[in-house]
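**Q** Sharing a structure, written as structure tokens. Questions coming.
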Amino acid sequence: MSETIGDDFQRLTKYRRGKISGPPDFTRRPPAWRTHPDQQKAIKLPPPRTEGGPGLWDVLNVRRSERDYKPVALSLQQLSQLLWATQGVTERIGEHLLRTAPSAGALYPIETYLVVNRVDELPRGLYHYNVAEAGVSLLKEGDFRQDAAAAALDQLMTADGAVTFIWTAIIQRSRWKYSQRCYRYIYLDAGIIGENLHLAATAMGLGCCAIGALYDDEVNHIVGADGTEETVVYMSTVGNI
């Protein structure tokens, strides 16, 4: 790996006046969300609660990264609330599903997977969040705690938490419009989603910690991403504290 790869990336993806490519080719635009082809079972989530709760300024003031969790399960309602906070649909305009988190060009390249350790009414396993249906799809049942921890550079909080969020990017969702600049926007999108999760967890009295240190290939293997057209960009754990 080049020692200047980060510098090269910044330089090569700059916008320069008069050098921006022409209109995007809409024929190359993929679907804005997916129903996972490997789903074994679809679970409808309870509707989110969008009223009440602590004020935003209070939540911002007390938010901290929490890494120590109690062996207590989340409720399905709590999981629904967290998922809605990250990428829940807030408005439908034609075929567009506007979300709680902004996205460059409203393209929403980020997909959400869950390693569920302790959630009431859900068996342990790997799940995918179906944005359009406000539900989760079971992809693989089983105990993936140690796999997730090992893939996160042996950070055991992924094994101790109730659920680990794994965010991947489907690159073409953004690349068809923004070319190589899309990678900047994908990382920004993921960061905003992660912050929404932090704030929601704090407001609900839960602990949350983001994870950027991960073995990409190992996490991609867990969720079944090819690492090229779909690849992991971010993770986060949530649990009772």
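Following the order of the structure tokens, first chain is A, next is B, and so on, with residues numbered from 1 inside each chain and ligands from 1 in the order they appear.
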I'd like the neighbourhood of Ala148 of chain A as an MDAnalysis selection string, where a residue qualifies if any of its atoms comes within 10 Å (using only C-alpha atoms), though same-chain residues fewer than 2 positions away should be ignored.

**A** chainID A and resid 115 143:146 150:159 164 166 214:215 218:219 222 235

**Q** Quick one: residues within 12 Å of Leu107 of chain A, only C-alpha atoms counted, chain neighbours fewer than 5 positions away excluded, as a PyMOL selection string?

**A** chain A and resi 29-33+95-99+101-102+169-178+182+185-186+189

**Q** Which one is closest to Gly207 of chain A: A:Leu45, A:Ile20, A:Leu82, A:Ala134? Count only C-alpha atoms.

**A**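 Of A:Leu45, A:Ile20, A:Leu82, A:Ala134, the one nearest Gly207 of chain A, counting only C-alpha atoms, is A:Leu82.
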
**Q** Could you tell me how far atom CA of Lys140 of chain A lies from atom CA of Leu74 of chain A, in Å and to one decimal?

**A**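 A separation of 19.5 Å between them.
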
**Q** So that I can see what lies close to Val238 of chain A, please list as a list in words the residues with an atom at most 7 Å from it, counting only C-alpha atoms and leaving out residues fewer than 2 positions away in the same chain.

**A**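 My list of contacting residues is Gly161, Ala162, Val163, Thr164, Leu206, Gly207, Cys208, Cys209 and Ser236 of chain A.
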
**Q** Residues near segment 194-201 of chain A, anyone? I mean within 10 Å using only C-alpha atoms, not counting same-chain ones fewer than 5 positions away, as a ChimeraX atom specification.

**A** /A:53,56,59-60,62-66,78-79,81-87,100-101,165,167,188-189,206-211,234-240

**Q** Among segment 12-211 of chain A, which ones does DSSP assign to alpha helix (DSSP H) (computed from the backbone)? Answer as a ChimeraX atom specification.

**A** /A:12,56-62,76-87,145-151,157-160,172-178,182-203

**Q** Residues of segment 11-162 of chain A classed as strand (DSSP E) by DSSP on the backbone are to be reported as a ChimeraX atom specification.

**A** /A:41-44,89-93,96-99,110-116,125-130,135-141

**Q** Restrict the selected residues to C-alpha atoms and save them as a PDB file, in the first residue's frame.

**A**
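Full text of out-v9.pdb as output:
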ATOM      1  CA  LYS A  41     -37.601 -14.869   7.363  1.00  0.00           C
ATOM      2  CA  ALA A  42     -39.021 -11.343   7.362  1.00  0.00           C
ATOM      3  CA  ILE A  43     -39.940  -9.706  10.679  1.00  0.00           C
ATOM      4  CA  LYS A  44     -42.077  -6.589  10.792  1.00  0.00           C
ATOM      5  CA  VAL A  89     -38.364   6.579   6.255  1.00  0.00           C
ATOM      6  CA  THR A  90     -39.800   9.979   7.145  1.00  0.00           C
ATOM      7  CA  GLU A  91     -41.483  10.829   3.847  1.00  0.00           C
ATOM      8  CA  ARG A  92     -42.305   9.126   0.544  1.00  0.00           C
ATOM      9  CA  ILE A  93     -42.171  11.250  -2.603  1.00  0.00           C
ATOM     10  CA  HIS A  96     -38.069   8.261  -3.235  1.00  0.00           C
ATOM     11  CA  LEU A  97     -37.910   7.285   0.425  1.00  0.00           C
ATOM     12  CA  LEU A  98     -36.548  10.212   2.420  1.00  0.00           C
ATOM     13  CA  ARG A  99     -34.807   9.153   5.621  1.00  0.00           C
ATOM     14  CA  ILE A 110     -25.630   2.602   2.917  1.00  0.00           C
ATOM     15  CA  GLU A 111     -27.149  -0.772   3.838  1.00  0.00           C
ATOM     16  CA  THR A 112     -27.612  -1.929   7.434  1.00  0.00           C
ATOM     17  CA  TYR A 113     -26.849  -5.411   8.748  1.00  0.00           C
ATOM     18  CA  LEU A 114     -27.258  -6.542  12.348  1.00  0.00           C
ATOM     19  CA  VAL A 115     -25.439  -9.158  14.370  1.00  0.00           C
ATOM     20  CA  VAL A 116     -28.129  -9.833  16.954  1.00  0.00           C
ATOM     21  CA  GLY A 125     -28.154 -14.350  13.978  1.00  0.00           C
ATOM     22  CA  LEU A 126     -27.360 -12.043  11.097  1.00  0.00           C
ATOM     23  CA  TYR A 127     -30.130  -9.727   9.888  1.00  0.00           C
ATOM     24  CA  HIS A 128     -30.626  -7.128   7.158  1.00  0.00           C
ATOM     25  CA  TYR A 129     -32.701  -3.974   7.621  1.00  0.00           C
ATOM     26  CA  ASN A 130     -35.416  -3.621   4.995  1.00  0.00           C
ATOM     27  CA  GLY A 135     -38.595  -4.660   9.011  1.00  0.00           C
ATOM     28  CA  VAL A 136     -35.614  -6.951   9.414  1.00  0.00           C
ATOM     29  CA  SER A 137     -34.824 -10.077   7.444  1.00  0.00           C
ATOM     30  CA  LEU A 138     -33.085 -13.046   9.022  1.00  0.00           C
ATOM     31  CA  LEU A 139     -30.178 -14.053   6.770  1.00  0.00           C
ATOM     32  CA  LYS A 140     -28.374 -16.591   8.950  1.00  0.00           C
ATOM     33  CA  GLU A 141     -29.370 -17.897  12.347  1.00  0.00           C
TER      34      GLU A 141
END
